[in-house]
file data-v9.cif (mmCIF, C-alpha atoms and all ligand atoms)
data_coords
loop_
_atom_site.label_atom_id
_atom_site.label_comp_id
_atom_site.auth_asym_id
_atom_site.auth_seq_id
_atom_site.Cartn_x
_atom_site.Cartn_y
_atom_site.Cartn_z
CA MET R 1 -20.75 13.60 -42.18
CA LYS R 2 -23.85 12.90 -40.14
CA LEU R 3 -25.90 9.94 -41.28
CA ASN R 4 -29.23 11.42 -40.23
CA GLU R 5 -28.86 14.14 -42.86
CA TYR R 6 -29.77 11.50 -45.42
CA SER R 7 -33.10 10.00 -46.25
CA GLU R 8 -33.56 6.34 -45.41
CA GLY R 9 -32.82 5.13 -48.90
CA GLU R 10 -29.57 6.98 -49.07
CA GLU R 11 -28.51 5.62 -45.70
CA LYS R 12 -28.90 2.08 -46.96
CA GLU R 13 -26.89 2.95 -50.02
CA MET R 14 -24.12 4.28 -47.81
CA SER R 15 -23.98 1.26 -45.56
CA VAL R 16 -23.53 -0.92 -48.63
CA HIS R 17 -20.73 1.15 -50.08
CA LYS R 18 -18.93 2.06 -46.89
CA ARG R 19 -17.16 -1.31 -47.01
CA PRO R 20 -13.75 -0.41 -48.44
CA LEU R 21 -13.16 -2.46 -51.55
CA ASN R 22 -9.41 -1.99 -51.78
CA ASN R 23 -6.91 -1.96 -48.97
CA ASN R 24 -3.26 -2.78 -48.34
CA MET R 25 -1.25 -3.67 -45.29
CA ARG R 26 2.41 -4.48 -44.80
CA MET R 27 4.17 -5.45 -41.62
CA GLU R 28 7.60 -6.71 -40.64
CA PHE R 29 8.51 -8.52 -37.45
CA ASP R 30 11.31 -10.52 -35.82
CA SER R 31 11.50 -14.25 -36.45
CA VAL R 32 10.38 -15.41 -33.01
CA SER R 33 7.48 -17.83 -32.65
CA GLU R 34 5.59 -15.47 -30.32
CA ASN R 35 5.02 -13.33 -33.43
CA VAL R 36 2.93 -15.96 -35.22
CA ALA R 37 -0.01 -14.94 -33.00
CA LEU R 38 0.67 -11.31 -33.90
CA ALA R 39 0.50 -12.14 -37.62
CA ARG R 40 -2.80 -13.99 -37.12
CA MET R 41 -4.27 -11.03 -35.27
CA ALA R 42 -3.12 -8.61 -37.94
CA VAL R 43 -4.68 -10.57 -40.79
CA SER R 44 -7.96 -11.07 -38.87
CA GLY R 45 -8.11 -7.34 -38.24
CA PHE R 46 -7.37 -6.65 -41.88
CA ILE R 47 -10.25 -8.75 -43.22
CA LEU R 48 -12.76 -7.76 -40.51
CA PRO R 49 -14.24 -4.75 -42.38
CA PHE R 50 -15.19 -7.16 -45.17
CA ASP R 51 -17.59 -8.95 -42.88
CA PRO R 52 -16.03 -12.41 -43.28
CA THR R 53 -17.74 -15.63 -42.15
CA MET R 54 -16.28 -17.59 -39.23
CA ASP R 55 -15.04 -20.19 -41.72
CA GLU R 56 -13.27 -17.54 -43.77
CA ILE R 57 -11.59 -16.10 -40.69
CA ASN R 58 -10.43 -19.53 -39.52
CA ASP R 59 -9.21 -20.58 -42.96
CA ILE R 60 -7.19 -17.42 -43.48
CA LYS R 61 -5.79 -17.37 -39.94
CA THR R 62 -4.67 -20.99 -40.28
CA ALA R 63 -2.98 -20.43 -43.65
CA VAL R 64 -1.14 -17.35 -42.34
CA SER R 65 -0.15 -19.21 -39.18
CA GLU R 66 1.38 -21.99 -41.30
CA ALA R 67 3.31 -19.71 -43.65
CA VAL R 68 4.66 -17.46 -40.87
CA THR R 69 5.61 -20.43 -38.66
CA ASN R 70 7.53 -21.93 -41.59
CA ALA R 71 9.41 -18.67 -42.21
CA ILE R 72 10.45 -18.56 -38.55
CA ILE R 73 11.26 -22.19 -37.77
CA HIS R 74 12.47 -23.43 -41.16
CA GLY R 75 13.60 -20.26 -42.94
CA TYR R 76 15.57 -18.68 -40.11
CA GLU R 77 15.74 -21.60 -37.66
CA LYS R 78 17.80 -20.37 -34.67
CA PHE R 79 18.94 -17.23 -36.46
CA LYS R 80 17.22 -13.90 -36.05
CA GLY R 81 15.73 -12.43 -39.18
CA THR R 82 12.78 -10.41 -40.39
CA VAL R 83 9.51 -11.83 -41.69
CA CYS R 84 7.37 -9.70 -43.97
CA LEU R 85 3.58 -10.14 -44.10
CA LYS R 86 1.66 -8.33 -46.81
CA CYS R 87 -2.12 -8.32 -47.21
CA GLU R 88 -3.94 -6.83 -50.17
CA LEU R 89 -7.63 -6.70 -50.91
CA LYS R 90 -8.54 -6.00 -54.49
CA ASN R 91 -12.30 -5.94 -54.68
CA ASP R 92 -13.16 -9.32 -53.19
CA LEU R 93 -9.78 -10.98 -53.71
CA LEU R 94 -7.48 -11.31 -50.72
CA VAL R 95 -3.78 -11.71 -51.53
CA VAL R 96 -1.47 -12.65 -48.66
CA THR R 97 2.30 -12.70 -49.10
CA VAL R 98 4.70 -14.07 -46.49
CA LYS R 99 8.36 -13.51 -47.20
CA ASP R 100 11.58 -14.47 -45.43
CA ASN R 101 15.23 -14.09 -46.34
CA GLY R 102 16.16 -17.36 -44.69
CA LYS R 103 17.81 -20.48 -46.02
CA GLY R 104 15.30 -21.24 -48.76
CA ILE R 105 13.93 -24.58 -49.98
CA GLU R 106 15.94 -26.99 -52.08
CA ASN R 107 13.04 -28.90 -53.60
CA VAL R 108 9.78 -26.97 -53.41
CA GLU R 109 7.66 -29.70 -54.98
CA LYS R 110 8.89 -32.26 -52.44
CA ALA R 111 8.46 -29.81 -49.53
CA MET R 112 4.81 -29.31 -50.49
CA GLU R 113 3.96 -33.01 -50.32
CA PRO R 114 1.69 -33.83 -47.37
CA MET R 115 3.61 -35.28 -44.41
CA PHE R 116 6.99 -34.18 -45.72
CA THR R 117 9.04 -32.44 -43.06
CA THR R 118 12.75 -31.83 -42.56
CA LYS R 119 12.23 -31.54 -38.80
CA THR R 120 11.29 -35.14 -38.04
CA GLU R 121 12.77 -34.97 -34.53
CA GLU R 122 10.45 -32.11 -33.53
CA ASP R 123 6.91 -33.48 -33.85
CA ARG R 124 6.18 -31.48 -37.01
CA ALA R 125 3.35 -33.06 -38.98
CA GLY R 126 4.57 -31.88 -42.39
CA MET R 127 1.07 -30.58 -43.12
CA GLY R 128 1.64 -26.84 -43.28
CA PHE R 129 1.58 -26.52 -47.07
CA MET R 130 -1.34 -28.92 -47.25
CA PHE R 131 -3.48 -26.70 -45.01
CA MET R 132 -2.46 -23.57 -46.94
CA ASN R 133 -3.60 -25.39 -50.08
CA VAL R 134 -6.90 -26.57 -48.63
CA PHE R 135 -7.88 -23.31 -46.94
CA MET R 136 -6.91 -20.84 -49.67
CA ASP R 137 -7.93 -20.73 -53.34
CA SER R 138 -4.38 -20.58 -54.66
CA LEU R 139 -0.89 -21.12 -53.29
CA ASN R 140 2.37 -20.13 -54.92
CA VAL R 141 5.80 -20.80 -53.42
CA GLN R 142 8.95 -19.17 -54.72
CA SER R 143 12.16 -20.33 -53.11
CA ALA R 144 15.78 -21.20 -53.74
CA PRO R 145 18.56 -22.24 -51.33
CA GLY R 146 20.22 -19.11 -49.97
CA PHE R 147 17.59 -16.79 -51.41
CA GLY R 148 14.77 -17.08 -48.91
CA THR R 149 11.15 -18.03 -49.48
CA THR R 150 8.08 -16.15 -50.68
CA VAL R 151 4.63 -17.67 -50.23
CA ILE R 152 1.72 -16.03 -52.07
CA MET R 153 -1.82 -17.13 -51.27
CA THR R 154 -5.14 -15.84 -52.57
CA LYS R 155 -8.72 -16.26 -51.51
CA LYS R 156 -11.96 -14.84 -52.86
CA MET R 157 -14.01 -13.29 -50.10
CA GLY R 158 -17.76 -13.98 -49.90
CA ILE R 159 -19.29 -12.15 -52.80
CA THR R 160 -22.65 -13.92 -52.76
CA LYS R 161 -23.30 -12.98 -49.17
CA GLN R 162 -22.53 -9.36 -49.96
CA ASP R 163 -24.66 -9.34 -53.09
CA VAL R 164 -27.63 -10.82 -51.30
CA ARG R 165 -27.29 -8.25 -48.56
CA CYS R 166 -27.12 -5.40 -51.06
CA GLU R 167 -30.33 -6.46 -52.73
CA CYS R 168 -32.61 -7.27 -49.85
CA GLY R 169 -30.74 -6.36 -46.69
CA ASN R 170 -30.82 -9.97 -45.56
CA THR R 171 -28.08 -10.57 -43.01
CA GLU R 172 -28.78 -14.24 -42.43
CA THR R 173 -27.11 -15.70 -45.46
CA GLU R 174 -24.32 -17.71 -43.78
CA GLY R 175 -24.14 -21.12 -45.32
CA THR R 176 -25.04 -19.97 -48.82
CA HIS R 177 -21.42 -19.24 -49.31
CA PRO R 178 -19.88 -20.28 -52.61
CA PHE R 179 -16.33 -20.45 -51.28
CA GLY R 180 -16.91 -21.81 -47.81
CA ARG R 181 -15.60 -25.34 -47.94
CA MET P 1 2.71 -22.98 -18.28
CA ASP P 2 -0.16 -22.11 -20.58
CA PHE P 3 -2.36 -25.15 -20.13
CA LEU P 4 -3.98 -27.18 -17.34
CA TYR P 5 -3.71 -30.89 -16.76
CA GLU P 6 -5.11 -33.57 -14.49
CA VAL P 7 -3.71 -36.95 -13.49
CA LYS P 8 -6.12 -39.72 -12.51
CA GLY P 9 -4.59 -43.15 -12.07
CA ASP P 10 -2.60 -43.86 -15.21
CA THR P 11 -4.53 -41.33 -17.32
CA LEU P 12 -3.28 -37.83 -18.08
CA THR P 13 -5.82 -35.26 -19.23
CA ILE P 14 -4.44 -32.19 -20.97
CA TYR P 15 -6.72 -29.17 -21.22
CA ALA P 16 -5.49 -27.54 -24.41
CA PRO P 17 -5.10 -23.74 -24.49
CA LYS P 18 -7.20 -21.24 -26.45
CA GLU P 19 -4.78 -21.14 -29.38
CA ILE P 20 -2.51 -24.01 -30.37
CA ASP P 21 0.45 -23.05 -32.53
CA HIS P 22 4.16 -23.82 -32.63
CA TYR P 23 4.86 -21.53 -29.69
CA VAL P 24 2.64 -23.43 -27.22
CA ALA P 25 3.14 -26.82 -28.89
CA SER P 26 6.72 -27.18 -27.68
CA GLU P 27 5.56 -26.34 -24.15
CA ILE P 28 2.76 -28.93 -24.20
CA ILE P 29 5.09 -31.60 -25.55
CA GLU P 30 7.81 -30.93 -22.96
CA TYR P 31 5.47 -30.82 -19.96
CA SER P 32 3.45 -33.84 -21.01
CA GLU P 33 6.67 -35.84 -21.30
CA VAL P 34 7.68 -34.86 -17.76
CA LEU P 35 4.18 -35.57 -16.40
CA MET P 36 4.03 -38.95 -18.12
CA ALA P 37 7.33 -40.10 -16.71
CA LYS P 38 6.54 -38.85 -13.19
CA ASN P 39 3.08 -40.44 -12.98
CA ASN P 40 3.51 -43.67 -14.92
CA ILE P 41 0.96 -42.57 -17.46
CA LYS P 42 -0.48 -45.04 -19.97
CA ASN P 43 -3.53 -43.24 -21.36
CA MET P 44 -4.04 -39.68 -22.46
CA ILE P 45 -7.05 -37.46 -23.05
CA ILE P 46 -6.68 -34.11 -24.79
CA ASP P 47 -9.60 -31.81 -24.03
CA PHE P 48 -10.18 -29.03 -26.58
CA GLU P 49 -13.10 -27.30 -24.88
CA GLU P 50 -11.20 -24.00 -24.56
CA THR P 51 -9.50 -24.24 -27.94
CA GLU P 52 -10.62 -21.83 -30.64
CA PHE P 53 -7.66 -21.98 -32.98
CA MET P 54 -5.22 -24.67 -34.00
CA ASP P 55 -2.74 -24.98 -36.86
CA SER P 56 -0.71 -28.00 -38.01
CA SER P 57 1.44 -27.77 -34.88
CA GLY P 58 -1.56 -29.26 -33.05
CA ILE P 59 -1.66 -32.14 -35.53
CA GLY P 60 2.04 -32.71 -34.79
CA ILE P 61 1.37 -32.85 -31.04
CA VAL P 62 -1.45 -35.40 -31.44
CA ILE P 63 0.42 -37.68 -33.85
CA GLY P 64 3.51 -37.57 -31.60
CA ARG P 65 1.48 -38.39 -28.44
CA TYR P 66 -0.39 -41.12 -30.33
CA LYS P 67 2.87 -42.88 -31.20
CA ILE P 68 4.13 -42.75 -27.60
CA ILE P 69 0.83 -43.83 -26.01
CA THR P 70 0.31 -46.67 -28.49
CA LYS P 71 3.81 -47.98 -27.74
CA LEU P 72 2.80 -48.14 -24.07
CA GLY P 73 -0.31 -50.10 -25.00
CA GLY P 74 -2.58 -47.25 -23.91
CA LYS P 75 -5.24 -45.13 -25.56
CA LEU P 76 -5.25 -41.52 -26.71
CA SER P 77 -8.63 -39.77 -26.97
CA LEU P 78 -9.55 -36.31 -28.19
CA ARG P 79 -12.47 -34.55 -26.61
CA LYS P 80 -14.79 -31.54 -27.03
CA MET P 81 -13.43 -30.16 -30.30
CA LYS P 82 -15.15 -27.21 -31.92
CA ARG P 83 -16.12 -27.65 -35.55
CA ASN P 84 -13.06 -25.90 -37.00
CA ILE P 85 -10.70 -27.97 -34.83
CA GLU P 86 -12.45 -31.21 -35.72
CA ARG P 87 -12.14 -30.29 -39.38
CA MET P 88 -8.35 -30.02 -39.01
CA PHE P 89 -8.26 -33.55 -37.56
CA GLU P 90 -10.43 -34.82 -40.40
CA ILE P 91 -8.41 -33.24 -43.20
CA SER P 92 -5.12 -34.42 -41.71
CA GLY P 93 -6.34 -38.01 -41.32
CA VAL P 94 -5.81 -37.93 -37.54
CA LYS P 95 -9.42 -38.90 -36.86
CA LYS P 96 -8.99 -42.04 -38.91
CA LEU P 97 -5.67 -42.77 -37.22
CA LEU P 98 -7.28 -42.64 -33.78
CA GLY P 99 -10.15 -44.80 -34.98
CA GLU P 100 -12.81 -42.13 -34.43
CA LYS P 101 -15.63 -42.04 -36.89
N1 LIG R 201 10.03 -20.62 -45.31
C1 LIG R 201 10.70 -21.79 -45.41
N2 LIG R 201 12.05 -21.79 -45.45
C2 LIG R 201 12.73 -22.97 -45.54
N3 LIG R 201 12.15 -24.18 -45.61
C3 LIG R 201 10.81 -24.23 -45.59
C4 LIG R 201 10.00 -23.05 -45.48
N4 LIG R 201 8.70 -23.42 -45.50
C5 LIG R 201 8.69 -24.76 -45.60
N5 LIG R 201 9.95 -25.27 -45.65
C6 LIG R 201 10.30 -26.70 -45.81
O1 LIG R 201 9.15 -27.42 -46.22
C7 LIG R 201 8.86 -28.49 -45.31
C8 LIG R 201 7.37 -28.74 -45.22
O2 LIG R 201 6.70 -27.65 -44.63
P1 LIG R 201 5.28 -27.88 -43.93
O3 LIG R 201 4.38 -28.51 -44.91
O4 LIG R 201 4.84 -26.59 -43.35
O5 LIG R 201 5.59 -28.93 -42.77
P2 LIG R 201 6.37 -28.75 -41.38
O6 LIG R 201 6.44 -27.28 -41.06
O7 LIG R 201 5.52 -29.50 -40.41
O8 LIG R 201 7.73 -29.35 -41.56
C9 LIG R 201 9.53 -28.08 -44.01
O9 LIG R 201 9.84 -29.17 -43.21
C10 LIG R 201 10.77 -27.33 -44.51
O10 LIG R 201 11.80 -28.24 -44.84
MG MG R 202 4.99 -25.90 -41.34
#
call {"tool": "encode", "arguments": {"input": "data-v9.cif", "output": "structure tokens"}}
result
Amino acid sequence: MKLNEYSEGEEKEMSVHKRPLNNNMRMEFDSVSENVALARMAVSGFILPFDPTMDEINDIKTAVSEAVTNAIIHGYEKFKGTVCLKCELKNDLLVVTVKDNGKGIENVEKAMEPMFTTKTEEDRAGMGFMFMNVFMDSLNVQSAPGFGTTVIMTKKMGITKQDVRCECGNTETEGTHPFGR
Amino acid sequence: MDFLYEVKGDTLTIYAPKEIDHYVASEIIEYSEVLMAKNNIKNMIIDFEETEFMDSSGIGIVIGRYKIITKLGGKLSLRKMKRNIERMFEISGVKKLLGEK
């Protein structure tokens, strides 16, 4: 469909609504630490059509990096397994799920405490869950020894920025972001 | 090796790579240990000018180097962080640990 077939008003309308409001992505990859960068790239690409702020991109990339790293280095350790990354956008809500079938977590509450790590000899800071918590709006961890781990994180994407843009076409609204922390 | 370094007297400067995650962290830790032993290093500077992304693996590197350098009676300084990197050091308490405002 050619844009210039429309009058100016209709064009504006289209550019507002062309942003897809629902989308899903699912990928699976080997549990090697090279693939953490791949997961970050995938999630950045997934949210890009939603015109995220730099802060949103960084927050989401960091949270995904933490969850995927954990699946690889704690879930599977030296063993080779498959990590599943799922991204869903429902309107302005991003839901990211990272799942492994690794060894699981004995005490989830304890594992989520800042500075707790079971790999003390490896210069791990024990701050992975803390960053997931800080950078996302919600964090849910389901795990049991021998049954793997599923991490579900959600984040509302910038609705105010979008609304402002819809009303007056103003693109310089960074900073007036209700969820940017 | 994915990062550059410079030795001047007893100070090692590490120029951190574009993205710091677990994959490059182990490399930085290993090489810096070798470089420190070979050059009698006491102080360390980590330069983040090129760094655009860092996760908690970077916090692990810094806390680990801080412990080693402090034991030697030296000083660890962080330099040229972008806003998002600096924020990670603030949230994690590393800035306070290193005595930076
Ligand atoms: N997917 C996982 N499978 C098994 N154990 C995990 C997983 N994710 C986290 N853990 C456990 O939770 C602890 C804390 O995780 P985190 O906060 O990311 O710190 P770190 O990765 O630095 O140890 C880990 O040391 C590990 O024992
Ligand atoms: Mg972790």
call {"tool": "closest_residue", "arguments": {"input": "data-v9.cif", "among": "P:Glu86, P:Glu49, P:Asp10, P:Asp21", "to": "ligand LIG 201 (chain R)", "atoms": "all atoms listed in the file"}}
result
P:Asp21
call {"tool": "interface_residues", "arguments": {"input": "data-v9.cif", "of": "chain R", "to": "chain P", "cutoff": "8 Å", "atoms": "all atoms listed in the file", "output": "count of residues only"}}
result
16
call {"tool": "closest_atom_pairs", "arguments": {"input": "data-v9.cif", "of": "segment 106-132 of chain R", "to": "segment 145-148 of chain R", "cutoff": "12 Å", "atoms": "all atoms listed in the file", "output": "tab-separated table"}}
result
residue	atom	partner	partner_atom	distance
R:Glu106	CA	R:Pro145	CA	5.5
R:Asn107	CA	R:Pro145	CA	8.9
R:Val108	CA	R:Pro145	CA	10.2
call {"tool": "residues_around", "arguments": {"input": "data-v9.cif", "residues": "Asn40 of chain P", "least_positions_apart": "5", "cutoff": "12 Å", "atoms": "only C-alpha atoms", "output": "short mmCIF file (atom, residue, chain, number, x, y, z; two decimals) with C-alpha atoms, in the frame of the given file"}}
result
data_model
loop_
_atom_site.label_atom_id
_atom_site.label_comp_id
_atom_site.auth_asym_id
_atom_site.auth_seq_id
_atom_site.Cartn_x
_atom_site.Cartn_y
_atom_site.Cartn_z
CA VAL P 7 -3.71 -36.95 -13.49
CA LYS P 8 -6.12 -39.72 -12.51
CA GLY P 9 -4.59 -43.15 -12.07
CA ASP P 10 -2.60 -43.86 -15.21
CA THR P 11 -4.53 -41.33 -17.32
CA LEU P 12 -3.28 -37.83 -18.08
CA SER P 32 3.45 -33.84 -21.01
CA GLU P 33 6.67 -35.84 -21.30
CA VAL P 34 7.68 -34.86 -17.76
CA LEU P 35 4.18 -35.57 -16.40
CA ILE P 69 0.83 -43.83 -26.01
CA LEU P 72 2.80 -48.14 -24.07
CA GLY P 74 -2.58 -47.25 -23.91
#
call {"tool": "atom_distance", "arguments": {"input": "data-v9.cif", "atom1": "atom CA of Ser31 of chain R", "atom2": "atom CA of Val134 of chain R"}}
result
25.3 Å
call {"tool": "residues_near_ligand", "arguments": {"input": "data-v9.cif", "ligand": "ligand LIG 201 (chain R)", "cutoff": "6 Å", "atoms": "all atoms listed in the file", "output": "number ranges by chain"}}
result
R: 70-71, 74-75, 103-105, 111-112, 116-119, 124-129, 149
call {"tool": "atom_distance", "arguments": {"input": "data-v9.cif", "atom1": "atom CA of Gly102 of chain R", "atom2": "atom CA of Thr82 of chain R"}}
result
8.8 Å
call {"tool": "closest_residue", "arguments": {"input": "data-v9.cif", "among": "R:Thr53, R:Thr120, R:Asn22, R:Ser44", "to": "ligand MG 202 (chain R)", "atoms": "all atoms listed in the file"}}
result
R:Thr120
call {"tool": "closest_residue", "arguments": {"input": "data-v9.cif", "among": "P:Ile46, P:Ile68, P:Ile14, P:Met36", "to": "Met81 of chain P", "atoms": "only C-alpha atoms"}}
result
P:Ile46
call {"tool": "atom_distance", "arguments": {"input": "data-v9.cif", "atom1": "atom CA of Lys155 of chain R", "atom2": "atom CA of Met41 of chain R"}}
result
17.6 Å
call {"tool": "closest_residue", "arguments": {"input": "data-v9.cif", "among": "R:Glu113, R:Thr97, R:Asp30, R:Phe46", "to": "ligand MG 202 (chain R)", "atoms": "only C-alpha atoms and all ligand atoms"}}
result
R:Glu113
call {"tool": "residues_near_point", "arguments": {"input": "data-v9.cif", "point": "(-0.9, -10.5, -41.3)", "cutoff": "7 Å", "atoms": "all atoms listed in the file", "output": "mmCIF file with C-alpha atoms, in the frame of the given file"}}
result
data_model
loop_
_atom_site.group_PDB
_atom_site.id
_atom_site.type_symbol
_atom_site.label_atom_id
_atom_site.label_comp_id
_atom_site.auth_asym_id
_atom_site.auth_seq_id
_atom_site.Cartn_x
_atom_site.Cartn_y
_atom_site.Cartn_z
ATOM 1 C CA ALA R 39 0.500 -12.140 -37.620
ATOM 2 C CA ARG R 40 -2.800 -13.990 -37.120
ATOM 3 C CA MET R 41 -4.270 -11.030 -35.270
ATOM 4 C CA ALA R 42 -3.120 -8.610 -37.940
ATOM 5 C CA VAL R 43 -4.680 -10.570 -40.790
ATOM 6 C CA VAL R 64 -1.140 -17.350 -42.340
ATOM 7 C CA LEU R 85 3.580 -10.140 -44.100
ATOM 8 C CA LYS R 86 1.660 -8.330 -46.810
ATOM 9 C CA CYS R 87 -2.120 -8.320 -47.210
#
call {"tool": "closest_residue", "arguments": {"input": "data-v9.cif", "among": "P:Tyr15, P:Lys71, P:Lys82, P:Tyr66", "to": "Gly99 of chain P", "atoms": "all atoms listed in the file"}}
result
P:Tyr66
call {"tool": "closest_residue", "arguments": {"input": "data-v9.cif", "among": "R:Ile73, R:Ala144, R:Leu21, R:Met136", "to": "Lys61 of chain R", "atoms": "all atoms listed in the file"}}
result
R:Met136
